[in-house]
Structure formats: C-alpha cells, structure tokens
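Source file: protein-v7.cif (mmCIF, C-alpha atoms)
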```cif
data_query
loop_
_atom_site.group_PDB
_atom_site.id
_atom_site.type_symbol
_atom_site.label_atom_id
_atom_site.label_comp_id
_atom_site.auth_asym_id
_atom_site.auth_seq_id
_atom_site.Cartn_x
_atom_site.Cartn_y
_atom_site.Cartn_z
ATOM 1 C CA MET T 1279 24.580 25.575 -10.466
ATOM 2 C CA HIS T 1280 21.465 23.530 -9.773
ATOM 3 C CA ILE T 1281 22.048 20.484 -7.583
ATOM 4 C CA ALA T 1282 19.906 17.393 -7.128
ATOM 5 C CA CYS T 1283 20.483 15.226 -4.072
ATOM 6 C CA LEU T 1284 19.045 11.736 -4.307
ATOM 7 C CA THR T 1285 18.742 10.300 -0.810
ATOM 8 C CA PHE T 1286 17.604 6.882 0.328
ATOM 9 C CA ASP T 1287 16.408 6.031 3.828
ATOM 10 C CA PHE T 1288 17.311 2.351 4.107
ATOM 11 C CA ASP T 1289 15.038 1.531 7.043
ATOM 12 C CA ALA T 1290 14.291 -2.085 6.077
ATOM 13 C CA VAL T 1291 12.572 -3.809 9.004
ATOM 14 C CA SER T 1292 13.590 -1.233 11.631
ATOM 15 C CA GLY T 1293 10.705 1.111 10.866
ATOM 16 C CA TYR T 1294 8.066 -1.555 11.390
ATOM 17 C CA ILE T 1295 9.727 -2.860 14.544
ATOM 18 C CA ALA T 1296 9.812 0.691 15.927
ATOM 19 C CA GLN T 1297 6.042 0.871 15.407
ATOM 20 C CA GLY T 1298 5.564 -2.328 17.379
ATOM 21 C CA GLN T 1299 4.753 -4.396 14.295
ATOM 22 C CA HIS T 1300 6.487 -7.746 14.660
ATOM 23 C CA SER T 1301 4.197 -10.096 12.739
ATOM 24 C CA PRO T 1302 5.381 -11.681 9.478
ATOM 25 C CA THR T 1303 3.592 -9.456 6.965
ATOM 26 C CA PRO T 1304 4.882 -6.037 8.112
ATOM 27 C CA ILE T 1305 8.349 -7.509 8.601
ATOM 28 C CA SER T 1306 8.213 -8.814 5.034
ATOM 29 C CA ARG T 1307 7.342 -5.301 3.794
ATOM 30 C CA GLY T 1308 10.553 -4.096 5.382
ATOM 31 C CA GLU T 1309 12.509 -7.020 3.968
ATOM 32 C CA PHE T 1310 11.535 -5.935 0.472
ATOM 33 C CA GLY T 1311 13.939 -3.070 1.100
ATOM 34 C CA LEU T 1312 16.778 -5.423 0.200
ATOM 35 C CA VAL T 1313 15.215 -6.055 -3.197
ATOM 36 C CA GLY T 1314 14.705 -2.331 -3.657
ATOM 37 C CA ALA T 1315 18.239 -1.487 -2.529
ATOM 38 C CA GLU T 1316 19.634 -3.889 -5.111
ATOM 39 C CA ARG T 1317 17.665 -2.184 -7.857
ATOM 40 C CA VAL T 1318 18.524 1.324 -6.692
ATOM 41 C CA LEU T 1319 22.240 0.533 -6.526
ATOM 42 C CA ALA T 1320 22.152 -0.784 -10.084
ATOM 43 C CA LEU T 1321 20.340 2.314 -11.355
ATOM 44 C CA LEU T 1322 22.743 4.701 -9.613
ATOM 45 C CA LYS T 1323 25.703 2.797 -11.023
ATOM 46 C CA GLN T 1324 24.214 2.893 -14.514
ATOM 47 C CA HIS T 1325 23.956 6.682 -14.347
ATOM 48 C CA ALA T 1326 27.163 7.214 -12.313
ATOM 49 C CA ILE T 1327 25.233 9.117 -9.628
ATOM 50 C CA PRO T 1328 26.584 9.493 -6.085
ATOM 51 C CA ALA T 1329 23.811 9.388 -3.479
ATOM 52 C CA THR T 1330 23.360 9.663 0.268
ATOM 53 C CA TRP T 1331 21.934 6.710 2.171
ATOM 54 C CA PHE T 1332 20.611 7.323 5.685
ATOM 55 C CA ILE T 1333 20.815 3.973 7.471
ATOM 56 C CA PRO T 1334 19.749 3.162 11.044
ATOM 57 C CA GLY T 1335 22.334 1.246 13.030
ATOM 58 C CA HIS T 1336 19.754 -1.502 13.458
ATOM 59 C CA THR T 1337 19.662 -1.959 9.672
ATOM 60 C CA ILE T 1338 23.454 -1.930 9.371
ATOM 61 C CA GLU T 1339 23.792 -4.739 11.892
ATOM 62 C CA THR T 1340 20.776 -6.702 10.624
ATOM 63 C CA TYR T 1341 21.856 -6.522 6.972
ATOM 64 C CA PRO T 1342 25.629 -6.021 7.046
ATOM 65 C CA ALA T 1343 26.276 -7.373 3.544
ATOM 66 C CA MET T 1344 23.877 -4.997 1.788
ATOM 67 C CA SER T 1345 24.995 -2.073 3.951
ATOM 68 C CA ALA T 1346 28.606 -2.844 3.002
ATOM 69 C CA ARG T 1347 27.702 -2.909 -0.688
ATOM 70 C CA ILE T 1348 26.174 0.558 -0.408
ATOM 71 C CA ALA T 1349 29.289 1.921 1.280
ATOM 72 C CA GLU T 1350 31.651 0.125 -1.119
ATOM 73 C CA ALA T 1351 29.803 1.677 -4.069
ATOM 74 C CA GLY T 1352 31.054 5.051 -2.843
ATOM 75 C CA HIS T 1353 27.778 6.451 -1.537
ATOM 76 C CA GLU T 1354 27.664 8.658 1.537
ATOM 77 C CA ILE T 1355 26.320 6.980 4.686
ATOM 78 C CA GLY T 1356 24.282 9.295 6.902
ATOM 79 C CA HIS T 1357 23.034 8.783 10.451
ATOM 80 C CA HIS T 1358 19.392 7.728 10.814
ATOM 81 C CA GLY T 1359 19.277 6.791 14.475
ATOM 82 C CA TRP T 1360 20.049 3.439 16.011
ATOM 83 C CA THR T 1361 16.436 2.355 15.693
ATOM 84 C CA HIS T 1362 13.753 4.105 13.662
ATOM 85 C CA MET T 1363 12.300 5.669 16.827
ATOM 86 C CA THR T 1364 11.648 9.403 16.733
ATOM 87 C CA PRO T 1365 13.833 11.344 19.205
ATOM 88 C CA VAL T 1366 10.739 13.133 20.495
ATOM 89 C CA THR T 1367 9.835 9.956 22.389
ATOM 90 C CA MET T 1368 13.268 9.745 24.054
ATOM 91 C CA SER T 1369 14.951 11.333 27.032
ATOM 92 C CA ARG T 1370 18.119 13.315 26.349
ATOM 93 C CA ASP T 1371 20.258 10.433 27.604
ATOM 94 C CA GLU T 1372 18.400 7.910 25.439
ATOM 95 C CA GLU T 1373 18.751 10.109 22.362
ATOM 96 C CA GLU T 1374 22.472 10.634 22.982
ATOM 97 C CA ALA T 1375 23.010 6.913 23.493
ATOM 98 C CA GLY T 1376 21.224 6.201 20.197
ATOM 99 C CA LEU T 1377 23.373 8.757 18.408
ATOM 100 C CA GLN T 1378 26.503 7.097 19.749
ATOM 101 C CA ARG T 1379 25.393 3.568 18.944
ATOM 102 C CA GLY T 1380 24.345 4.539 15.419
ATOM 103 C CA THR T 1381 27.642 6.363 14.868
ATOM 104 C CA ASP T 1382 29.616 3.333 16.068
ATOM 105 C CA ALA T 1383 27.780 1.136 13.558
ATOM 106 C CA ILE T 1384 28.576 3.545 10.710
ATOM 107 C CA VAL T 1385 32.245 3.780 11.691
ATOM 108 C CA ARG T 1386 32.495 0.000 11.662
ATOM 109 C CA LEU T 1387 30.795 -0.029 8.254
ATOM 110 C CA CYS T 1388 32.795 2.587 6.377
ATOM 111 C CA GLY T 1389 35.639 3.703 8.613
ATOM 112 C CA ARG T 1390 34.502 7.284 9.207
ATOM 113 C CA LYS T 1391 31.986 9.132 11.319
ATOM 114 C CA PRO T 1392 28.832 10.328 9.567
ATOM 115 C CA ARG T 1393 28.727 14.029 8.682
ATOM 116 C CA GLY T 1394 24.966 14.176 8.257
ATOM 117 C CA TYR T 1395 21.921 13.199 10.282
ATOM 118 C CA ARG T 1396 18.279 12.623 9.369
ATOM 119 C CA SER T 1397 15.767 11.981 12.102
ATOM 120 C CA PRO T 1398 13.463 8.965 11.862
ATOM 121 C CA ALA T 1399 10.006 10.355 11.028
ATOM 122 C CA TRP T 1400 11.598 13.790 10.448
ATOM 123 C CA ASP T 1401 10.899 14.909 13.993
ATOM 124 C CA LEU T 1402 13.532 16.470 16.238
ATOM 125 C CA SER T 1403 13.506 16.756 20.003
ATOM 126 C CA GLU T 1404 14.375 19.937 21.876
ATOM 127 C CA ASN T 1405 17.830 18.408 22.415
ATOM 128 C CA THR T 1406 18.654 17.153 18.921
ATOM 129 C CA ILE T 1407 20.332 20.222 17.407
ATOM 130 C CA GLU T 1408 22.521 20.784 20.452
ATOM 131 C CA LEU T 1409 23.528 17.118 20.523
ATOM 132 C CA LEU T 1410 24.395 17.116 16.819
ATOM 133 C CA VAL T 1411 26.483 20.289 17.117
ATOM 134 C CA GLY T 1412 28.311 18.871 20.141
ATOM 135 C CA ARG T 1413 29.125 15.715 18.210
ATOM 136 C CA GLY T 1414 30.566 17.568 15.240
ATOM 137 C CA PHE T 1415 27.899 16.872 12.632
ATOM 138 C CA LEU T 1416 28.113 19.046 9.523
ATOM 139 C CA TYR T 1417 24.458 18.984 8.538
ATOM 140 C CA GLU T 1418 20.975 17.830 9.453
ATOM 141 C CA SER T 1419 18.098 16.995 7.084
ATOM 142 C CA SER T 1420 14.715 16.807 8.809
ATOM 143 C CA MET T 1421 13.232 20.317 8.601
ATOM 144 C CA MET T 1422 11.253 22.228 6.030
ATOM 145 C CA GLY T 1423 12.022 25.952 6.395
ATOM 146 C CA ASN T 1424 13.114 26.303 2.752
ATOM 147 C CA ASP T 1425 13.166 24.225 -0.380
ATOM 148 C CA TYR T 1426 16.092 25.285 -2.577
ATOM 149 C CA SER T 1427 18.422 26.941 -0.059
ATOM 150 C CA PRO T 1428 20.219 25.319 2.874
ATOM 151 C CA TYR T 1429 20.278 27.355 6.068
ATOM 152 C CA PHE T 1430 21.735 27.202 9.574
ATOM 153 C CA ALA T 1431 19.628 25.393 12.166
ATOM 154 C CA ARG T 1432 18.652 27.297 15.298
ATOM 155 C CA THR T 1433 18.521 26.177 18.885
ATOM 156 C CA GLY T 1434 16.735 27.661 21.870
ATOM 157 C CA ASP T 1435 13.558 28.923 20.199
ATOM 158 C CA VAL T 1436 10.923 30.016 22.722
ATOM 159 C CA ILE T 1437 7.470 29.026 21.500
ATOM 160 C CA SER T 1438 4.269 30.125 23.195
ATOM 161 C CA LEU T 1439 0.644 30.286 22.165
ATOM 162 C CA ASP T 1440 0.066 33.600 23.940
ATOM 163 C CA GLU T 1441 3.267 35.426 22.994
ATOM 164 C CA PRO T 1442 5.136 35.974 19.732
ATOM 165 C CA MET T 1443 7.736 33.344 19.028
ATOM 166 C CA ARG T 1444 11.275 34.262 20.087
ATOM 167 C CA PHE T 1445 13.947 32.830 17.808
ATOM 168 C CA GLY T 1446 17.111 31.320 19.246
ATOM 169 C CA PRO T 1447 20.577 31.771 17.759
ATOM 170 C CA GLU T 1448 21.799 30.045 14.635
ATOM 171 C CA THR T 1449 24.223 27.192 15.100
ATOM 172 C CA SER T 1450 27.016 25.891 12.880
ATOM 173 C CA LEU T 1451 24.766 22.989 11.806
ATOM 174 C CA VAL T 1452 23.595 23.305 8.199
ATOM 175 C CA GLU T 1453 19.988 22.365 7.561
ATOM 176 C CA MET T 1454 19.373 20.584 4.268
ATOM 177 C CA PRO T 1455 15.610 21.055 3.927
ATOM 178 C CA ILE T 1456 13.231 18.336 2.848
ATOM 179 C CA SER T 1457 9.504 18.077 2.143
ATOM 180 C CA TRP T 1458 6.810 15.439 2.370
ATOM 181 C CA THR T 1459 5.953 16.352 -1.224
ATOM 182 C CA LEU T 1460 9.389 15.078 -2.291
ATOM 183 C CA ASP T 1461 9.214 11.876 -0.231
ATOM 184 C CA ASP T 1462 8.027 8.649 -1.840
ATOM 185 C CA TYR T 1463 6.424 7.197 1.298
ATOM 186 C CA PRO T 1464 3.260 9.339 1.669
ATOM 187 C CA HIS T 1465 2.574 9.154 -2.071
ATOM 188 C CA PHE T 1466 2.904 5.411 -2.445
ATOM 189 C CA GLU T 1467 2.596 3.450 0.802
ATOM 190 C CA TYR T 1468 -0.760 2.122 1.960
ATOM 191 C CA VAL T 1469 -1.013 2.278 5.756
ATOM 192 C CA ARG T 1470 -3.984 1.454 7.972
ATOM 193 C CA ASN T 1471 -3.947 1.206 11.738
ATOM 194 C CA LYS T 1472 -6.032 2.217 14.756
ATOM 195 C CA GLN T 1473 -4.763 5.792 14.692
ATOM 196 C CA TYR T 1474 -5.080 6.703 11.012
ATOM 197 C CA SER T 1475 -5.365 5.534 7.437
ATOM 198 C CA MET T 1476 -2.973 6.655 4.688
ATOM 199 C CA PRO T 1477 -4.249 5.629 1.244
ATOM 200 C CA GLY T 1478 -0.984 6.011 -0.699
ATOM 201 C CA LEU T 1479 -0.814 4.060 -3.977
ATOM 202 C CA MET T 1480 -0.702 7.212 -6.117
ATOM 203 C CA PRO T 1481 0.012 6.858 -9.859
ATOM 204 C CA ALA T 1482 3.753 7.262 -10.340
ATOM 205 C CA GLY T 1483 3.380 9.526 -13.369
ATOM 206 C CA GLY T 1484 1.789 12.335 -11.396
ATOM 207 C CA VAL T 1485 4.454 12.155 -8.699
ATOM 208 C CA LEU T 1486 7.148 12.233 -11.380
ATOM 209 C CA GLN T 1487 5.636 15.385 -12.875
ATOM 210 C CA ASN T 1488 5.562 17.106 -9.488
ATOM 211 C CA TRP T 1489 9.155 16.155 -8.695
ATOM 212 C CA ALA T 1490 10.472 17.274 -12.072
ATOM 213 C CA ASP T 1491 8.461 20.508 -11.973
ATOM 214 C CA ASP T 1492 9.882 21.427 -8.562
ATOM 215 C CA PHE T 1493 13.383 21.167 -9.981
ATOM 216 C CA GLU T 1494 12.478 23.084 -13.131
ATOM 217 C CA TYR T 1495 10.976 25.879 -11.025
ATOM 218 C CA MET T 1496 14.280 26.103 -9.157
ATOM 219 C CA THR T 1497 16.165 26.508 -12.446
ATOM 220 C CA ARG T 1498 13.801 29.310 -13.462
ATOM 221 C CA THR T 1499 13.899 31.262 -10.220
ATOM 222 C CA MET T 1500 17.315 30.563 -8.638
ATOM 223 C CA LYS T 1501 20.818 31.071 -9.996
ATOM 224 C CA TRP T 1502 22.036 28.486 -7.480
ATOM 225 C CA GLY T 1503 20.007 25.951 -5.571
ATOM 226 C CA VAL T 1504 19.797 22.404 -4.264
ATOM 227 C CA LEU T 1505 16.766 20.138 -4.123
ATOM 228 C CA THR T 1506 16.629 16.993 -2.010
ATOM 229 C CA TYR T 1507 14.562 13.942 -2.898
ATOM 230 C CA THR T 1508 13.852 11.280 -0.270
ATOM 231 C CA CYS T 1509 13.159 7.674 -1.207
ATOM 232 C CA HIS T 1510 12.918 4.400 0.683
ATOM 233 C CA PRO T 1511 14.163 1.244 -1.068
ATOM 234 C CA PHE T 1512 11.164 -0.785 0.103
ATOM 235 C CA VAL T 1513 8.880 1.869 -1.439
ATOM 236 C CA ILE T 1514 10.649 3.111 -4.575
ATOM 237 C CA GLY T 1515 11.908 -0.397 -5.376
ATOM 238 C CA ARG T 1516 8.633 -1.570 -6.924
ATOM 239 C CA GLY T 1517 8.907 -1.937 -10.684
ATOM 240 C CA HIS T 1518 6.715 0.951 -11.841
ATOM 241 C CA ARG T 1519 8.323 3.263 -9.283
ATOM 242 C CA MET T 1520 11.804 2.296 -10.402
ATOM 243 C CA MET T 1521 10.684 3.289 -13.891
ATOM 244 C CA MET T 1522 9.589 6.607 -12.421
ATOM 245 C CA LEU T 1523 12.938 7.105 -10.672
ATOM 246 C CA GLU T 1524 14.823 6.438 -13.889
ATOM 247 C CA ARG T 1525 12.605 8.898 -15.764
ATOM 248 C CA LEU T 1526 13.199 11.455 -13.023
ATOM 249 C CA ILE T 1527 16.966 11.080 -13.420
ATOM 250 C CA GLU T 1528 16.650 11.579 -17.177
ATOM 251 C CA ALA T 1529 14.406 14.613 -16.676
ATOM 252 C CA LEU T 1530 16.820 16.174 -14.181
ATOM 253 C CA LYS T 1531 19.732 15.609 -16.548
ATOM 254 C CA GLY T 1532 17.734 17.386 -19.245
ATOM 255 C CA LEU T 1533 17.288 20.318 -16.880
ATOM 256 C CA GLY T 1534 21.042 20.537 -16.304
ATOM 257 C CA ALA T 1535 21.147 18.985 -12.854
ATOM 258 C CA THR T 1536 24.395 18.235 -11.083
ATOM 259 C CA PHE T 1537 24.069 15.207 -8.781
ATOM 260 C CA PHE T 1538 25.832 15.552 -5.430
ATOM 261 C CA THR T 1539 25.881 13.690 -2.161
ATOM 262 C CA MET T 1540 24.414 15.716 0.682
ATOM 263 C CA GLU T 1541 27.861 16.315 2.199
ATOM 264 C CA ASP T 1542 29.224 17.634 -1.091
ATOM 265 C CA ALA T 1543 26.174 19.864 -1.588
ATOM 266 C CA VAL T 1544 26.611 21.312 1.895
ATOM 267 C CA ASN T 1545 30.278 22.030 1.250
ATOM 268 C CA ALA T 1546 29.407 23.688 -2.070
ATOM 269 C CA TRP T 1547 26.872 25.896 -0.301
ATOM 270 C CA LEU T 1548 29.303 26.810 2.469
ATOM 271 C CA GLU T 1549 31.986 27.713 -0.071
ATOM 272 C CA ARG T 1550 29.532 29.831 -2.040
ATOM 273 C CA SER T 1551 28.418 31.522 1.177
ATOM 274 C CA GLY T 1552 31.966 32.286 2.226
ATOM 275 C CA ARG T 1553 31.837 29.836 5.127
ATOM 276 C CA SER T 1554 33.941 26.741 5.709
ATOM 277 C CA ALA T 1555 33.060 23.366 7.183
#
```
Turn this file's structure into structure tokens for me.
Amino acid sequence: MHIACLTFDFDAVSGYIAQGQHSPTPISRGEFGLVGAERVLALLKQHAIPATWFIPGHTIETYPAMSARIAEAGHEIGHHGWTHMTPVTMSRDEEEAGLQRGTDAIVRLCGRKPRGYRSPAWDLSENTIELLVGRGFLYESSMMGNDYSPYFARTGDVISLDEPMRFGPETSLVEMPISWTLDDYPHFEYVRNKQYSMPGLMPAGGVLQNWADDFEYMTRTMKWGVLTYTCHPFVIGRGHRMMMLERLIEALKGLGATFFTMEDAVNAWLERSGRSA
C-alpha cells in the first residue's frame, strides 16, 4: 500500500500575529486563508478525500464557522498550538498551557481530543515530546528523520559539539515525517523582513513535478509507505496553485495512491508493525 496524506495548516491570521505583524496588509494575507479553505474543502469533497487539518486554537476561536465546516466535513482536526508561536520560545509551563488551551478549543469544535500534533514552524522544544506523550497524543508531525516511513520519536537525546551524540529512548509517540520540499509555503510565499528575504513565487508546474516524483519514487522503492504533503489555505488557495493541487491529486490517483488522514495512516503503520495504538 502507498498512502498519501494531504494536510492543511489553517493558520489564517495567527501566523502573522505571532510574528508581531498587526498592520492591515499582513492580516489580510492571513484572511485569504478563508478563501483558500473554501476552495480546498470543495476540491476534497469533489474527490472524496479525507484530510488532516492542523488548526491553532486562535484560528478556531477567531473563525468558528469555517473551523466547524472543516470538522463537519469529516476531516481530522490536529493540534497546531494555541497561537502560531514556536514552542522553542516558551517555558515548559507556557508550552503546556498552550497545549491545554488548544486542546480545549478542538474539543469544543469536534467533541474529541486531537490525536496528532504539529508544531508551529516545525520546531520542537526539549519538553515537547514528553508533554505530548504525557497527554496521550498518538502522533507528532514536525520532524524530518525519514520520508516514507513513520518512526517512534525519541526523548532525552544528549547533543554536544565535542562528543558523539547520545540517543535517548524511543517513546510511544509516532513521528509522521515531513519536509520543507513538500510544503507549499517556502516554494510560493514571498517574505521580506529585517532578518531575511524569501523569494517564493515559484512556478507551480515545477513544484507539482517534484511532489508527484517523490510519490512515484516511493512506489518504485517501497512495498509500503506514506508520504505527507503540507499546504496552507492562504498559500495553496490561489487559483494557479489550486490547479496544481488538483493535478497532484489526479497524478497520485494514477500512481495508485490511497488517501488517508494522518491518524488512519498511523494506525495502519502500527498494525503493519505489530503495534497497537
């Protein structure tokens, strides 16, 4: 089996607010996420594809109607922090409080606790894995140690410049690996600030070819595998990129892809590995 997971980080305005950008233009860039979410929902419905949406609690409470539509469409809702602040900038208590507040928002939205977590900015603190395990999360999706195979996240690594790295023990938390190469944001978004400039604005056709080729390579080299794509409604929702996303879906279908939510893909991997959730 070859699984494709389409995931959508519905950050909306929370990402810009977290960066300290409160003026009308950056806020409006985030607001376009509602337009994009509308288009993505329609495309997923057209192709009967279940997806996973990682939604910050801030977005859920700012845009409750759209968040409810996503949940009511049957898509999985994953945890994406309360705000879009990276946990690396937080104390342990602040991170734990954000996990709780984000979980509460998701429970109010869809009546169940989230099983999966994705860190804003894909950066984990030294406390994140332990906190997620303690709170009963099934999986995490912010690391890049593989591409086609989930694996168990570790905790307690000892990292030093002068000594070889000492690896900590595996936990029960399944890592669903991701990659910047399979994320729409760095390919498409134009960003310029005092710290750096990110040109973005890549032609969609080249990105489509890369994304389809990664899946095809998996079918050639793996008997079983799962590949995760990460999109943001305010990025992928532009017309030519929606055309790309639809062409990607058609290409993946042609390659024999099975479309799963992240939770279902994790459970399939655990079953195949002889483990249980």
Top pick for closest residue to Phe1466 in chain T, considering T:Leu1439, T:Met1480, T:Val1318, T:Leu1533 and counting all atoms listed in the file =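 Selected residue with least distance to Phe1466 in chain T: T:Met1480.
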Residues within 8 Å of Ala1349 in chain T, please, as a tab-separated table (two decimals) with C-alpha atoms, in the frame of the given file. Count only C-alpha atoms; anything in the same chain fewer than 5 positions from it doesn't count.
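Okay, result_16.tsv is ready:
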```tsv
chain	number	residue	atom	x	y	z
T	1354	GLU	CA	27.66	8.66	1.54
T	1355	ILE	CA	26.32	6.98	4.69
T	1387	LEU	CA	30.80	-0.03	8.25
T	1388	CYS	CA	32.80	2.59	6.38
```
On this file, the PyMOL selection byres ((chain T and resi 1522) around 10) gives some set of residues; write that set as a PyMOL selection string.
-> chain T and resi 1481-1487+1514+1516-1521+1523-1528
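Across the structure, CA of Glu1418 in chain T and CA of Leu1451 in chain T are spaced 6.8 Å apart.
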Result set of the PyMOL selection byres ((chain T and resi 1460) around 12) on the coordinates above, as an NGL selection string | :T and (1282-1286 or 1422 or 1425 or 1455-1459 or 1461-1466 or 1485-1493 or 1505-1510 or 1526)
Kindly resolve the PyMOL selection byres ((chain T and resi 1393) around 6) on the present coordinates and return the residues as a count of residues only.
-> 4
Within 7 Å of His1358 in chain T, counting only C-alpha atoms, which residues show up once you throw out same-chain ones fewer than 6 positions away? Write them as a PyMOL selection string, please.
-> chain T and resi 1332-1334+1395-1398
With all atoms listed in the file as the basis for distance, which of T:His1357, T:His1362, T:Arg1550, T:Lys1501 is at the shortest distance from Arg1390 in chain T?
-> T:His1357
From the list T:Ala1399, T:Leu1410, T:Ala1346, T:Val1513, the nearest residue to Gly1314 in chain T using all atoms listed in the file is T:Val1513
Any idea what's packed within 7 Å of Gly1335 in chain T, counting all atoms listed in the file, ignoring anything in its chain fewer than 2 positions away? Could you give it as an mmCIF file with C-alpha atoms, in the frame of the given file?
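Result file is result_19.cif:
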```cif
data_model
loop_
_atom_site.group_PDB
_atom_site.id
_atom_site.type_symbol
_atom_site.label_atom_id
_atom_site.label_comp_id
_atom_site.auth_asym_id
_atom_site.auth_seq_id
_atom_site.Cartn_x
_atom_site.Cartn_y
_atom_site.Cartn_z
ATOM 1 C CA ILE T 1333 20.815 3.973 7.471
ATOM 2 C CA THR T 1337 19.662 -1.959 9.672
ATOM 3 C CA ILE T 1338 23.454 -1.930 9.371
ATOM 4 C CA GLU T 1339 23.792 -4.739 11.892
ATOM 5 C CA GLY T 1359 19.277 6.791 14.475
ATOM 6 C CA TRP T 1360 20.049 3.439 16.011
ATOM 7 C CA THR T 1361 16.436 2.355 15.693
ATOM 8 C CA GLY T 1380 24.345 4.539 15.419
ATOM 9 C CA ALA T 1383 27.780 1.136 13.558
#
```
Would you list the contacts of Trp1547 in chain T as number ranges by chain, taking every protein, DNA or RNA residue within 10 Å and counting only C-alpha atoms, but skipping same-chain residues closer than 3 positions in sequence?
-> T: 1427-1429, 1452, 1502-1504, 1541-1544, 1550-1554
Please write the residues from the selection above to a file, keeping C-alpha atoms, as a tab-separated table (two decimals), in the frame of the given file.
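Saved file selection24.tsv follows:
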```
chain	number	residue	atom	x	y	z
T	1427	SER	CA	18.42	26.94	-0.06
T	1428	PRO	CA	20.22	25.32	2.87
T	1429	TYR	CA	20.28	27.36	6.07
T	1452	VAL	CA	23.60	23.30	8.20
T	1502	TRP	CA	22.04	28.49	-7.48
T	1503	GLY	CA	20.01	25.95	-5.57
T	1504	VAL	CA	19.80	22.40	-4.26
T	1541	GLU	CA	27.86	16.32	2.20
T	1542	ASP	CA	29.22	17.63	-1.09
T	1543	ALA	CA	26.17	19.86	-1.59
T	1544	VAL	CA	26.61	21.31	1.90
T	1550	ARG	CA	29.53	29.83	-2.04
T	1551	SER	CA	28.42	31.52	1.18
T	1552	GLY	CA	31.97	32.29	2.23
T	1553	ARG	CA	31.84	29.84	5.13
T	1554	SER	CA	33.94	26.74	5.71
```
Need the neighbours of (19.7, -4.9, 8.4): which residues are at most 10 Å away, counting all atoms listed in the file, as a compact mmCIF listing (two decimals) with C-alpha atoms, in the frame of the given file?
```
# COMPACT_ATOMS: atom_id res chain seq x y z
CA PHE T 1288 17.31 2.35 4.11
CA ASP T 1289 15.04 1.53 7.04
CA ALA T 1290 14.29 -2.08 6.08
CA VAL T 1291 12.57 -3.81 9.00
CA SER T 1292 13.59 -1.23 11.63
CA GLY T 1308 10.55 -4.10 5.38
CA GLU T 1309 12.51 -7.02 3.97
CA GLY T 1311 13.94 -3.07 1.10
CA LEU T 1312 16.78 -5.42 0.20
CA ILE T 1333 20.82 3.97 7.47
CA PRO T 1334 19.75 3.16 11.04
CA GLY T 1335 22.33 1.25 13.03
CA HIS T 1336 19.75 -1.50 13.46
CA THR T 1337 19.66 -1.96 9.67
CA ILE T 1338 23.45 -1.93 9.37
CA GLU T 1339 23.79 -4.74 11.89
CA THR T 1340 20.78 -6.70 10.62
CA TYR T 1341 21.86 -6.52 6.97
CA PRO T 1342 25.63 -6.02 7.05
CA ALA T 1343 26.28 -7.37 3.54
CA MET T 1344 23.88 -5.00 1.79
CA SER T 1345 25.00 -2.07 3.95
```
Measuring atom to atom with only C-alpha atoms, identify which of T:Thr1433, T:Thr1367, T:Gln1324, T:Thr1381 is nearest to Gly1446 in chain T.
->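 Of T:Thr1433, T:Thr1367, T:Gln1324, T:Thr1381, the one nearest Gly1446 in chain T, counting only C-alpha atoms, is T:Thr1433.
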